[in-house]
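The structure file final05.pdb is reproduced below (PDB, C-alpha atoms, pLDDT in the B column).
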ATOM      1  CA  LYS A  24     -45.059  16.837  -2.395  1.00 72.00           C
ATOM      2  CA  ALA A  25     -41.345  17.219  -2.036  1.00 84.00           C
ATOM      3  CA  GLY A  26     -39.438  17.428  -5.300  1.00 93.00           C
ATOM      4  CA  VAL A  27     -36.636  15.243  -6.551  1.00 96.00           C
ATOM      5  CA  THR A  28     -33.612  15.487  -4.310  1.00 97.00           C
ATOM      6  CA  GLN A  29     -30.026  14.697  -5.187  1.00 97.00           C
ATOM      7  CA  THR A  30     -27.037  14.333  -2.931  1.00 97.00           C
ATOM      8  CA  PRO A  31     -24.423  15.536  -2.772  1.00 97.00           C
ATOM      9  CA  ARG A  32     -24.864  18.777  -4.679  1.00 96.00           C
ATOM     10  CA  TYR A  33     -21.159  19.257  -5.329  1.00 97.00           C
ATOM     11  CA  LEU A  34     -18.331  16.781  -5.431  1.00 97.00           C
ATOM     12  CA  ILE A  35     -14.636  16.995  -6.209  1.00 98.00           C
ATOM     13  CA  LYS A  36     -12.714  13.825  -6.984  1.00 97.00           C
ATOM     14  CA  THR A  37      -9.406  12.907  -8.551  1.00 97.00           C
ATOM     15  CA  ARG A  38      -8.777  10.693 -11.544  1.00 98.00           C
ATOM     16  CA  GLY A  39      -9.017   6.996 -10.807  1.00 97.00           C
ATOM     17  CA  GLN A  40     -11.363   7.380  -7.862  1.00 98.00           C
ATOM     18  CA  GLN A  41     -14.948   6.238  -7.851  1.00 98.00           C
ATOM     19  CA  VAL A  42     -18.066   8.150  -6.906  1.00 98.00           C
ATOM     20  CA  THR A  43     -21.644   7.353  -5.894  1.00 98.00           C
ATOM     21  CA  LEU A  44     -24.474   9.804  -6.436  1.00 98.00           C
ATOM     22  CA  SER A  45     -27.889   9.493  -4.880  1.00 98.00           C
ATOM     23  CA  CYS A  46     -31.352  10.450  -6.055  1.00 98.00           C
ATOM     24  CA  SER A  47     -34.678  10.375  -4.223  1.00 98.00           C
ATOM     25  CA  PRO A  48     -37.655  10.646  -6.572  1.00 97.00           C
ATOM     26  CA  ILE A  49     -40.965  12.315  -5.919  1.00 95.00           C
ATOM     27  CA  SER A  50     -43.147  10.148  -3.724  1.00 94.00           C
ATOM     28  CA  GLY A  51     -45.130   7.734  -5.885  1.00 91.00           C
ATOM     29  CA  HIS A  52     -42.806   7.981  -8.879  1.00 92.00           C
ATOM     30  CA  ARG A  53     -41.342   4.605  -9.728  1.00 91.00           C
ATOM     31  CA  SER A  54     -39.246   5.514 -12.739  1.00 91.00           C
ATOM     32  CA  VAL A  55     -35.893   7.236 -12.280  1.00 94.00           C
ATOM     33  CA  SER A  56     -33.662   8.374 -15.139  1.00 94.00           C
ATOM     34  CA  TRP A  57     -30.120   9.712 -15.034  1.00 96.00           C
ATOM     35  CA  TYR A  58     -28.533  12.213 -17.410  1.00 95.00           C
ATOM     36  CA  GLN A  59     -25.081  13.660 -17.834  1.00 96.00           C
ATOM     37  CA  GLN A  60     -24.832  17.270 -18.923  1.00 95.00           C
ATOM     38  CA  THR A  61     -21.629  18.815 -20.265  1.00 94.00           C
ATOM     39  CA  PRO A  62     -21.058  21.978 -22.317  1.00 89.00           C
ATOM     40  CA  GLY A  63     -19.705  19.958 -25.233  1.00 86.00           C
ATOM     41  CA  GLN A  64     -22.117  17.019 -25.387  1.00 87.00           C
ATOM     42  CA  GLY A  65     -25.236  18.560 -23.899  1.00 89.00           C
ATOM     43  CA  LEU A  66     -27.730  16.341 -22.096  1.00 91.00           C
ATOM     44  CA  GLN A  67     -26.944  12.674 -22.543  1.00 91.00           C
ATOM     45  CA  PHE A  68     -29.188   9.878 -21.295  1.00 91.00           C
ATOM     46  CA  LEU A  69     -27.398   7.439 -18.998  1.00 94.00           C
ATOM     47  CA  PHE A  70     -30.029   4.936 -17.866  1.00 91.00           C
ATOM     48  CA  GLU A  71     -33.534   4.484 -16.546  1.00 92.00           C
ATOM     49  CA  TYR A  72     -34.704   2.326 -13.682  1.00 93.00           C
ATOM     50  CA  PHE A  73     -38.213   1.133 -12.975  1.00 91.00           C
ATOM     51  CA  SER A  74     -39.181  -1.170 -10.122  1.00 91.00           C
ATOM     52  CA  GLU A  75     -35.527  -1.891  -9.328  1.00 94.00           C
ATOM     53  CA  THR A  76     -34.786  -2.967 -12.912  1.00 93.00           C
ATOM     54  CA  GLN A  77     -32.742  -1.155 -15.500  1.00 92.00           C
ATOM     55  CA  ARG A  78     -35.191  -0.637 -18.323  1.00 87.00           C
ATOM     56  CA  ASN A  79     -33.133   1.429 -20.738  1.00 86.00           C
ATOM     57  CA  LYS A  80     -29.496   2.378 -21.114  1.00 88.00           C
ATOM     58  CA  GLY A  81     -27.638   5.067 -23.003  1.00 88.00           C
ATOM     59  CA  ASN A  82     -24.345   4.813 -24.790  1.00 88.00           C
ATOM     60  CA  PHE A  83     -21.927   5.076 -21.893  1.00 93.00           C
ATOM     61  CA  PRO A  84     -19.044   2.783 -20.889  1.00 96.00           C
ATOM     62  CA  GLY A  85     -19.456   0.142 -18.233  1.00 95.00           C
ATOM     63  CA  ARG A  86     -17.754   2.411 -15.698  1.00 97.00           C
ATOM     64  CA  PHE A  87     -21.164   4.014 -15.320  1.00 98.00           C
ATOM     65  CA  SER A  88     -23.629   1.911 -13.401  1.00 97.00           C
ATOM     66  CA  GLY A  89     -26.704   2.370 -11.327  1.00 97.00           C
ATOM     67  CA  ARG A  90     -29.284   0.703  -9.215  1.00 97.00           C
ATOM     68  CA  GLN A  91     -32.678   1.315  -7.742  1.00 97.00           C
ATOM     69  CA  PHE A  92     -33.954   0.309  -4.357  1.00 97.00           C
ATOM     70  CA  SER A  93     -37.384  -0.943  -3.331  1.00 96.00           C
ATOM     71  CA  ASN A  94     -38.354   2.554  -2.174  1.00 95.00           C
ATOM     72  CA  SER A  95     -37.532   3.859  -5.708  1.00 95.00           C
ATOM     73  CA  ARG A  96     -34.458   5.736  -4.536  1.00 97.00           C
ATOM     74  CA  SER A  97     -31.638   5.375  -7.008  1.00 98.00           C
ATOM     75  CA  GLU A  98     -27.883   5.576  -7.006  1.00 98.00           C
ATOM     76  CA  MET A  99     -25.419   5.854  -9.816  1.00 98.00           C
ATOM     77  CA  ASN A 100     -21.790   4.926  -9.587  1.00 98.00           C
ATOM     78  CA  VAL A 101     -18.868   5.957 -11.728  1.00 98.00           C
ATOM     79  CA  SER A 102     -15.686   3.974 -11.276  1.00 95.00           C
ATOM     80  CA  THR A 103     -12.156   4.866 -12.364  1.00 97.00           C
ATOM     81  CA  LEU A 104     -13.018   8.502 -12.882  1.00 98.00           C
ATOM     82  CA  GLU A 105     -11.630  10.363 -15.882  1.00 97.00           C
ATOM     83  CA  LEU A 106     -11.284  14.099 -16.423  1.00 97.00           C
ATOM     84  CA  GLY A 107     -14.042  13.906 -19.021  1.00 96.00           C
ATOM     85  CA  ASP A 108     -16.510  12.697 -16.399  1.00 97.00           C
ATOM     86  CA  SER A 109     -16.675  16.210 -14.983  1.00 97.00           C
ATOM     87  CA  ALA A 110     -20.283  17.186 -15.522  1.00 97.00           C
ATOM     88  CA  LEU A 111     -23.629  17.996 -14.003  1.00 96.00           C
ATOM     89  CA  TYR A 112     -25.431  14.731 -13.285  1.00 97.00           C
ATOM     90  CA  LEU A 113     -29.170  15.074 -13.305  1.00 96.00           C
ATOM     91  CA  CYS A 114     -31.736  12.682 -11.982  1.00 96.00           C
ATOM     92  CA  ALA A 115     -35.370  12.786 -13.058  1.00 95.00           C
ATOM     93  CA  SER A 116     -38.412  10.889 -11.881  1.00 94.00           C
ATOM     94  CA  THR A 117     -41.573  10.077 -13.765  1.00 90.00           C
ATOM     95  CA  LEU A 118     -45.038   9.068 -12.712  1.00 84.00           C
ATOM     96  CA  THR A 119     -45.941   5.886 -14.567  1.00 73.00           C
ATOM     97  CA  GLY A 120     -48.393   6.536 -17.356  1.00 67.00           C
ATOM     98  CA  ALA A 121     -47.833  10.304 -17.273  1.00 60.00           C
ATOM     99  CA  GLU A 122     -46.572  10.531 -20.852  1.00 72.00           C
ATOM    100  CA  ASN A 123     -42.987  10.537 -19.679  1.00 75.00           C
ATOM    101  CA  THR A 124     -43.051  14.030 -18.219  1.00 85.00           C
ATOM    102  CA  GLN A 125     -39.903  14.153 -16.171  1.00 90.00           C
ATOM    103  CA  TYR A 126     -39.310  15.990 -12.929  1.00 94.00           C
ATOM    104  CA  PHE A 127     -35.682  16.871 -12.443  1.00 95.00           C
ATOM    105  CA  GLY A 128     -33.601  17.264  -9.348  1.00 96.00           C
ATOM    106  CA  PRO A 129     -31.120  20.117  -8.919  1.00 96.00           C
ATOM    107  CA  GLY A 130     -28.223  17.936 -10.039  1.00 96.00           C
ATOM    108  CA  THR A 131     -24.848  16.948  -8.667  1.00 97.00           C
ATOM    109  CA  ARG A 132     -21.908  18.932  -9.987  1.00 97.00           C
ATOM    110  CA  LEU A 133     -18.955  16.525 -10.249  1.00 98.00           C
ATOM    111  CA  THR A 134     -15.481  17.879 -10.833  1.00 98.00           C
ATOM    112  CA  VAL A 135     -12.671  15.441 -11.577  1.00 98.00           C
ATOM    113  CA  LEU A 136      -9.147  16.765 -11.060  1.00 97.00           C
TER     114      LEU A 136
ATOM    115  CA  SER B  30     -26.525  11.467 -31.321  1.00 43.00           C
ATOM    116  CA  GLN B  31     -29.030  14.137 -30.411  1.00 49.00           C
ATOM    117  CA  GLN B  32     -32.542  13.711 -31.728  1.00 60.00           C
ATOM    118  CA  GLY B  33     -33.513  17.350 -31.431  1.00 68.00           C
ATOM    119  CA  GLU B  34     -31.683  20.326 -32.837  1.00 82.00           C
ATOM    120  CA  GLU B  35     -32.618  23.723 -31.483  1.00 86.00           C
ATOM    121  CA  ASP B  36     -32.313  26.903 -33.439  1.00 86.00           C
ATOM    122  CA  PRO B  37     -30.975  29.435 -32.688  1.00 92.00           C
ATOM    123  CA  GLN B  38     -28.291  28.325 -30.244  1.00 92.00           C
ATOM    124  CA  ALA B  39     -28.483  31.708 -28.543  1.00 94.00           C
ATOM    125  CA  LEU B  40     -31.076  34.478 -28.594  1.00 96.00           C
ATOM    126  CA  SER B  41     -30.928  37.909 -26.984  1.00 96.00           C
ATOM    127  CA  ILE B  42     -33.981  40.190 -26.944  1.00 96.00           C
ATOM    128  CA  GLN B  43     -35.399  43.145 -25.062  1.00 97.00           C
ATOM    129  CA  GLU B  44     -37.844  42.687 -22.229  1.00 97.00           C
ATOM    130  CA  GLY B  45     -41.399  42.749 -23.516  1.00 97.00           C
ATOM    131  CA  GLU B  46     -40.523  41.299 -26.921  1.00 97.00           C
ATOM    132  CA  ASN B  47     -41.523  37.845 -28.072  1.00 98.00           C
ATOM    133  CA  ALA B  48     -38.997  35.013 -28.263  1.00 97.00           C
ATOM    134  CA  THR B  49     -39.261  32.146 -30.718  1.00 97.00           C
ATOM    135  CA  MET B  50     -37.187  28.993 -30.576  1.00 97.00           C
ATOM    136  CA  ASN B  51     -37.279  26.131 -33.013  1.00 96.00           C
ATOM    137  CA  CYS B  52     -36.604  22.438 -32.700  1.00 95.00           C
ATOM    138  CA  SER B  53     -36.139  19.866 -35.434  1.00 95.00           C
ATOM    139  CA  TYR B  54     -35.971  16.123 -34.960  1.00 92.00           C
ATOM    140  CA  LYS B  55     -35.245  13.095 -37.078  1.00 89.00           C
ATOM    141  CA  THR B  56     -37.593  10.213 -36.336  1.00 85.00           C
ATOM    142  CA  SER B  57     -41.218   9.591 -35.442  1.00 86.00           C
ATOM    143  CA  ILE B  58     -42.165  10.634 -31.944  1.00 87.00           C
ATOM    144  CA  ASN B  59     -44.778   9.939 -29.310  1.00 86.00           C
ATOM    145  CA  ASN B  60     -44.730  13.478 -28.024  1.00 90.00           C
ATOM    146  CA  LEU B  61     -42.424  16.483 -27.822  1.00 94.00           C
ATOM    147  CA  GLN B  62     -41.705  18.389 -24.646  1.00 94.00           C
ATOM    148  CA  TRP B  63     -40.067  21.684 -23.799  1.00 96.00           C
ATOM    149  CA  TYR B  64     -38.015  22.249 -20.688  1.00 96.00           C
ATOM    150  CA  ARG B  65     -36.337  25.271 -19.145  1.00 97.00           C
ATOM    151  CA  GLN B  66     -33.061  25.265 -17.258  1.00 96.00           C
ATOM    152  CA  ASN B  67     -31.783  28.133 -15.192  1.00 93.00           C
ATOM    153  CA  SER B  68     -28.008  28.332 -15.018  1.00 85.00           C
ATOM    154  CA  GLY B  69     -26.503  25.182 -13.519  1.00 78.00           C
ATOM    155  CA  ARG B  70     -29.778  23.876 -12.143  1.00 85.00           C
ATOM    156  CA  GLY B  71     -32.211  21.106 -12.922  1.00 89.00           C
ATOM    157  CA  LEU B  72     -34.664  21.245 -15.778  1.00 94.00           C
ATOM    158  CA  VAL B  73     -38.256  22.305 -15.362  1.00 95.00           C
ATOM    159  CA  HIS B  74     -40.983  20.890 -17.561  1.00 95.00           C
ATOM    160  CA  LEU B  75     -42.868  23.601 -19.450  1.00 96.00           C
ATOM    161  CA  ILE B  76     -45.247  21.979 -21.889  1.00 96.00           C
ATOM    162  CA  LEU B  77     -45.937  18.739 -23.735  1.00 94.00           C
ATOM    163  CA  ILE B  78     -47.467  18.400 -27.174  1.00 95.00           C
ATOM    164  CA  ARG B  79     -48.637  15.050 -28.486  1.00 93.00           C
ATOM    165  CA  SER B  80     -47.866  13.848 -31.986  1.00 92.00           C
ATOM    166  CA  ASN B  81     -51.520  14.269 -33.005  1.00 94.00           C
ATOM    167  CA  GLU B  82     -51.691  17.876 -31.787  1.00 96.00           C
ATOM    168  CA  ARG B  83     -50.656  20.909 -33.813  1.00 97.00           C
ATOM    169  CA  GLU B  84     -50.703  23.713 -31.273  1.00 98.00           C
ATOM    170  CA  LYS B  85     -50.837  24.123 -27.545  1.00 97.00           C
ATOM    171  CA  HIS B  86     -50.908  27.080 -25.172  1.00 97.00           C
ATOM    172  CA  SER B  87     -49.903  27.505 -21.554  1.00 96.00           C
ATOM    173  CA  GLY B  88     -49.918  31.033 -20.167  1.00 97.00           C
ATOM    174  CA  ARG B  89     -47.403  33.039 -22.192  1.00 97.00           C
ATOM    175  CA  LEU B  90     -46.156  29.910 -23.952  1.00 98.00           C
ATOM    176  CA  ARG B  91     -47.312  28.699 -27.339  1.00 98.00           C
ATOM    177  CA  VAL B  92     -45.991  25.502 -28.868  1.00 98.00           C
ATOM    178  CA  THR B  93     -46.562  24.260 -32.379  1.00 98.00           C
ATOM    179  CA  LEU B  94     -45.742  20.882 -33.847  1.00 97.00           C
ATOM    180  CA  ASP B  95     -45.438  19.985 -37.520  1.00 97.00           C
ATOM    181  CA  THR B  96     -44.884  16.256 -37.790  1.00 95.00           C
ATOM    182  CA  SER B  97     -44.596  16.388 -41.588  1.00 95.00           C
ATOM    183  CA  LYS B  98     -41.583  18.683 -41.229  1.00 95.00           C
ATOM    184  CA  LYS B  99     -40.466  17.073 -37.973  1.00 95.00           C
ATOM    185  CA  SER B 100     -40.238  20.423 -36.287  1.00 96.00           C
ATOM    186  CA  SER B 101     -41.632  22.338 -33.332  1.00 97.00           C
ATOM    187  CA  SER B 102     -41.486  25.904 -32.160  1.00 97.00           C
ATOM    188  CA  LEU B 103     -41.788  27.514 -28.751  1.00 98.00           C
ATOM    189  CA  LEU B 104     -43.026  31.078 -28.542  1.00 98.00           C
ATOM    190  CA  ILE B 105     -42.712  33.070 -25.338  1.00 98.00           C
ATOM    191  CA  THR B 106     -44.769  36.244 -25.483  1.00 98.00           C
ATOM    192  CA  ALA B 107     -44.144  39.460 -23.556  1.00 97.00           C
ATOM    193  CA  SER B 108     -40.782  38.226 -22.284  1.00 97.00           C
ATOM    194  CA  ARG B 109     -39.544  39.034 -18.786  1.00 97.00           C
ATOM    195  CA  ALA B 110     -36.083  39.068 -17.247  1.00 95.00           C
ATOM    196  CA  ALA B 111     -37.027  35.917 -15.341  1.00 95.00           C
ATOM    197  CA  ASP B 112     -37.373  34.084 -18.668  1.00 97.00           C
ATOM    198  CA  THR B 113     -33.593  34.224 -19.074  1.00 97.00           C
ATOM    199  CA  ALA B 114     -32.603  30.550 -19.209  1.00 97.00           C
ATOM    200  CA  SER B 115     -31.756  27.705 -21.562  1.00 96.00           C
ATOM    201  CA  TYR B 116     -34.653  26.020 -23.304  1.00 97.00           C
ATOM    202  CA  PHE B 117     -34.560  22.419 -24.450  1.00 95.00           C
ATOM    203  CA  CYS B 118     -36.843  20.387 -26.608  1.00 95.00           C
ATOM    204  CA  ALA B 119     -37.074  16.690 -25.860  1.00 93.00           C
ATOM    205  CA  THR B 120     -38.601  13.980 -27.976  1.00 91.00           C
ATOM    206  CA  ASP B 121     -40.279  10.950 -26.504  1.00 84.00           C
ATOM    207  CA  ARG B 122     -39.992   7.755 -28.486  1.00 74.00           C
ATOM    208  CA  SER B 123     -40.831   5.522 -25.568  1.00 64.00           C
ATOM    209  CA  TRP B 124     -43.106   3.311 -27.643  1.00 56.00           C
ATOM    210  CA  ILE B 125     -40.118   1.983 -29.542  1.00 52.00           C
ATOM    211  CA  GLN B 126     -38.696  -0.079 -26.692  1.00 51.00           C
ATOM    212  CA  GLY B 127     -41.532   0.142 -24.197  1.00 49.00           C
ATOM    213  CA  ALA B 128     -39.202   2.070 -21.943  1.00 55.00           C
ATOM    214  CA  GLN B 129     -39.181   5.707 -21.044  1.00 54.00           C
ATOM    215  CA  LYS B 130     -36.478   7.725 -22.655  1.00 72.00           C
ATOM    216  CA  LEU B 131     -36.370  11.371 -23.609  1.00 83.00           C
ATOM    217  CA  VAL B 132     -33.812  12.602 -26.112  1.00 86.00           C
ATOM    218  CA  PHE B 133     -32.842  16.217 -25.600  1.00 90.00           C
ATOM    219  CA  GLY B 134     -31.584  18.774 -28.049  1.00 90.00           C
ATOM    220  CA  GLN B 135     -28.609  21.032 -27.408  1.00 91.00           C
ATOM    221  CA  GLY B 136     -30.783  23.887 -26.195  1.00 93.00           C
ATOM    222  CA  THR B 137     -31.305  27.577 -26.943  1.00 95.00           C
ATOM    223  CA  ARG B 138     -29.761  30.070 -24.549  1.00 96.00           C
ATOM    224  CA  LEU B 139     -32.274  32.918 -24.151  1.00 97.00           C
ATOM    225  CA  THR B 140     -31.218  36.243 -22.631  1.00 97.00           C
ATOM    226  CA  ILE B 141     -33.778  38.914 -21.843  1.00 97.00           C
ATOM    227  CA  ASN B 142     -32.263  42.383 -21.588  1.00 95.00           C
ATOM    228  CA  PRO B 143     -33.986  44.924 -19.303  1.00 91.00           C
TER     229      PRO B 143
END
Step by step, read the file and then write its structure as structure tokens.
Amino acid sequence: KAGVTQTPRYLIKTRGQQVTLSCSPISGHRSVSWYQQTPGQGLQFLFEYFSETQRNKGNFPGRFSGRQFSNSRSEMNVSTLELGDSALYLCASTLTGAENTQYFGPGTRLTVL
Amino acid sequence: SQQGEEDPQALSIQEGENATMNCSYKTSINNLQWYRQNSGRGLVHLILIRSNEREKHSGRLRVTLDTSKKSSSLLITASRAADTASYFCATDRSWIQGAQKLVFGQGTRLTINP
């Protein structure tokens, strides 16, 4: 099976802009989680989607949002970008009932100038 | 706040030596998982240990879990240069809200010197 894919891999934006990141989970995986990774804060949970519904959410401002489509693909959106949003954004998919073992994509490196 | 705290933050050893990393956590868990991350890439799942298990092996990896002390350790035996990476523990408390959520520690940066 193909692994989790994320697009784009690298992105450069300026403050105030918005960005949309995409994630395609492993075939058959219905749960998709998003994480933000920075040197200072480490890996922070953003949100989890299952069957097109947000099932869990981390402690991030409303500028961070996401959605999931019927084919389990997911997107996350960050509006009004700030310098502090520069990070590696990781998507992970999980097979339901598989004890929450997560399969990660390669990540999208977002740089905000 | 982070659930898991890894110790040490960085570890440098010679190839062939064993590497031990520790993880402590704060609340009850469903299971504890270890992941590896090569520089700037996605995480790779290494091993999962359930809350009712005390030790688990996978190849050169050995994981222990002490729920009374809320701690786990990851041992990598006979280290290789390819083991150079960051290692994260992650605790699963998904039973709390019925939703899947892993909480990651800050990681241990392991460097294997040739």
message: Let me make sure I understand: among B:Ala114, B:Ala39, B:Cys52, B:Val73, which one has the smallest atom-to-atom distance to chain A if we use only C-alpha atoms?
response: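 Counting only C-alpha atoms, the residue closest to chain A is B:Val73.
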7 Å contacts from chain A to chain B using only C-alpha atoms, as a short mmCIF file (atom, residue, chain, number, x, y, z; two decimals) with C-alpha atoms, keeping the file's coordinate frame:
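For reference, out33.cif as written:
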data_model
loop_
_atom_site.label_atom_id
_atom_site.label_comp_id
_atom_site.auth_asym_id
_atom_site.auth_seq_id
_atom_site.Cartn_x
_atom_site.Cartn_y
_atom_site.Cartn_z
CA GLY A 65 -25.24 18.56 -23.90
CA LEU A 66 -27.73 16.34 -22.10
CA ARG A 78 -35.19 -0.64 -18.32
CA ASN A 79 -33.13 1.43 -20.74
CA LEU A 113 -29.17 15.07 -13.30
CA ASN A 123 -42.99 10.54 -19.68
CA GLN A 125 -39.90 14.15 -16.17
CA TYR A 126 -39.31 15.99 -12.93
CA PHE A 127 -35.68 16.87 -12.44
CA GLY A 128 -33.60 17.26 -9.35
CA PRO A 129 -31.12 20.12 -8.92
CA GLY A 130 -28.22 17.94 -10.04
#
task: One decimal, Å: what's the distance from atom CA of Ser100 of chain B over to atom CA of Asn51 of chain B, could you say?
output: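 Straight-line distance from atom CA of Ser100 of chain B to atom CA of Asn51 of chain B works out to 7.2 Å.
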- prompt: Selected by the PyMOL selection byres ((chain A and resi 51) around 9) in the shown coordinates: which residues, as number ranges by chain?
  reply: A: 48-50, 52-53, 95, 117-119
Edge lengths and centre in Å to one decimal, as AutoDock Vina command-line options, is what I'm after for the box along x, y and z that holds all listed atoms of segment 27-34 of chain A once 8 Å is added on each side.
--center_x -27.5 --center_y 16.8 --center_z -4.7 --size_x 34.3 --size_y 20.9 --size_z 19.8
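Take atom CA of Thr43 of chain A and atom CA of Arg65 of chain B: the distance between them is 26.7 Å.
Take atom CA of Gln59 of chain A and atom CA of Phe83 of chain A: the distance between them is 10.0 Å.
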- prompt: Hey, which of B:Asn67, B:Ser57, B:Ser108, B:Thr113 ends up closest to Thr96 of chain B? Count only C-alpha atoms.
  reply: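 When distances to Thr96 of chain B are compared using only C-alpha atoms, the smallest one comes from B:Ser57.
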Name the residues in contact with His86 of chain B at a cut-off of 12 Å, using all atoms listed in the file, excluding same-chain residues fewer than 2 positions from it; report them as a JSON list (two decimals) with C-alpha atoms, in the frame of the given file.
[["chain", "number", "residue", "atom", "x", "y", "z"],
["B", 75, "LEU", "CA", -42.87, 23.60, -19.45],
["B", 76, "ILE", "CA", -45.25, 21.98, -21.89],
["B", 77, "LEU", "CA", -45.94, 18.74, -23.74],
["B", 78, "ILE", "CA", -47.47, 18.40, -27.17],
["B", 82, "GLU", "CA", -51.69, 17.88, -31.79],
["B", 83, "ARG", "CA", -50.66, 20.91, -33.81],
["B", 84, "GLU", "CA", -50.70, 23.71, -31.27],
["B", 88, "GLY", "CA", -49.92, 31.03, -20.17],
["B", 89, "ARG", "CA", -47.40, 33.04, -22.19],
["B", 90, "LEU", "CA", -46.16, 29.91, -23.95],
["B", 91, "ARG", "CA", -47.31, 28.70, -27.34],
["B", 92, "VAL", "CA", -45.99, 25.50, -28.87],
["B", 93, "THR", "CA", -46.56, 24.26, -32.38],
["B", 94, "LEU", "CA", -45.74, 20.88, -33.85],
["B", 102, "SER", "CA", -41.49, 25.90, -32.16],
["B", 103, "LEU", "CA", -41.79, 27.51, -28.75],
["B", 104, "LEU", "CA", -43.03, 31.08, -28.54],
["B", 105, "ILE", "CA", -42.71, 33.07, -25.34],
["B", 106, "THR", "CA", -44.77, 36.24, -25.48]]
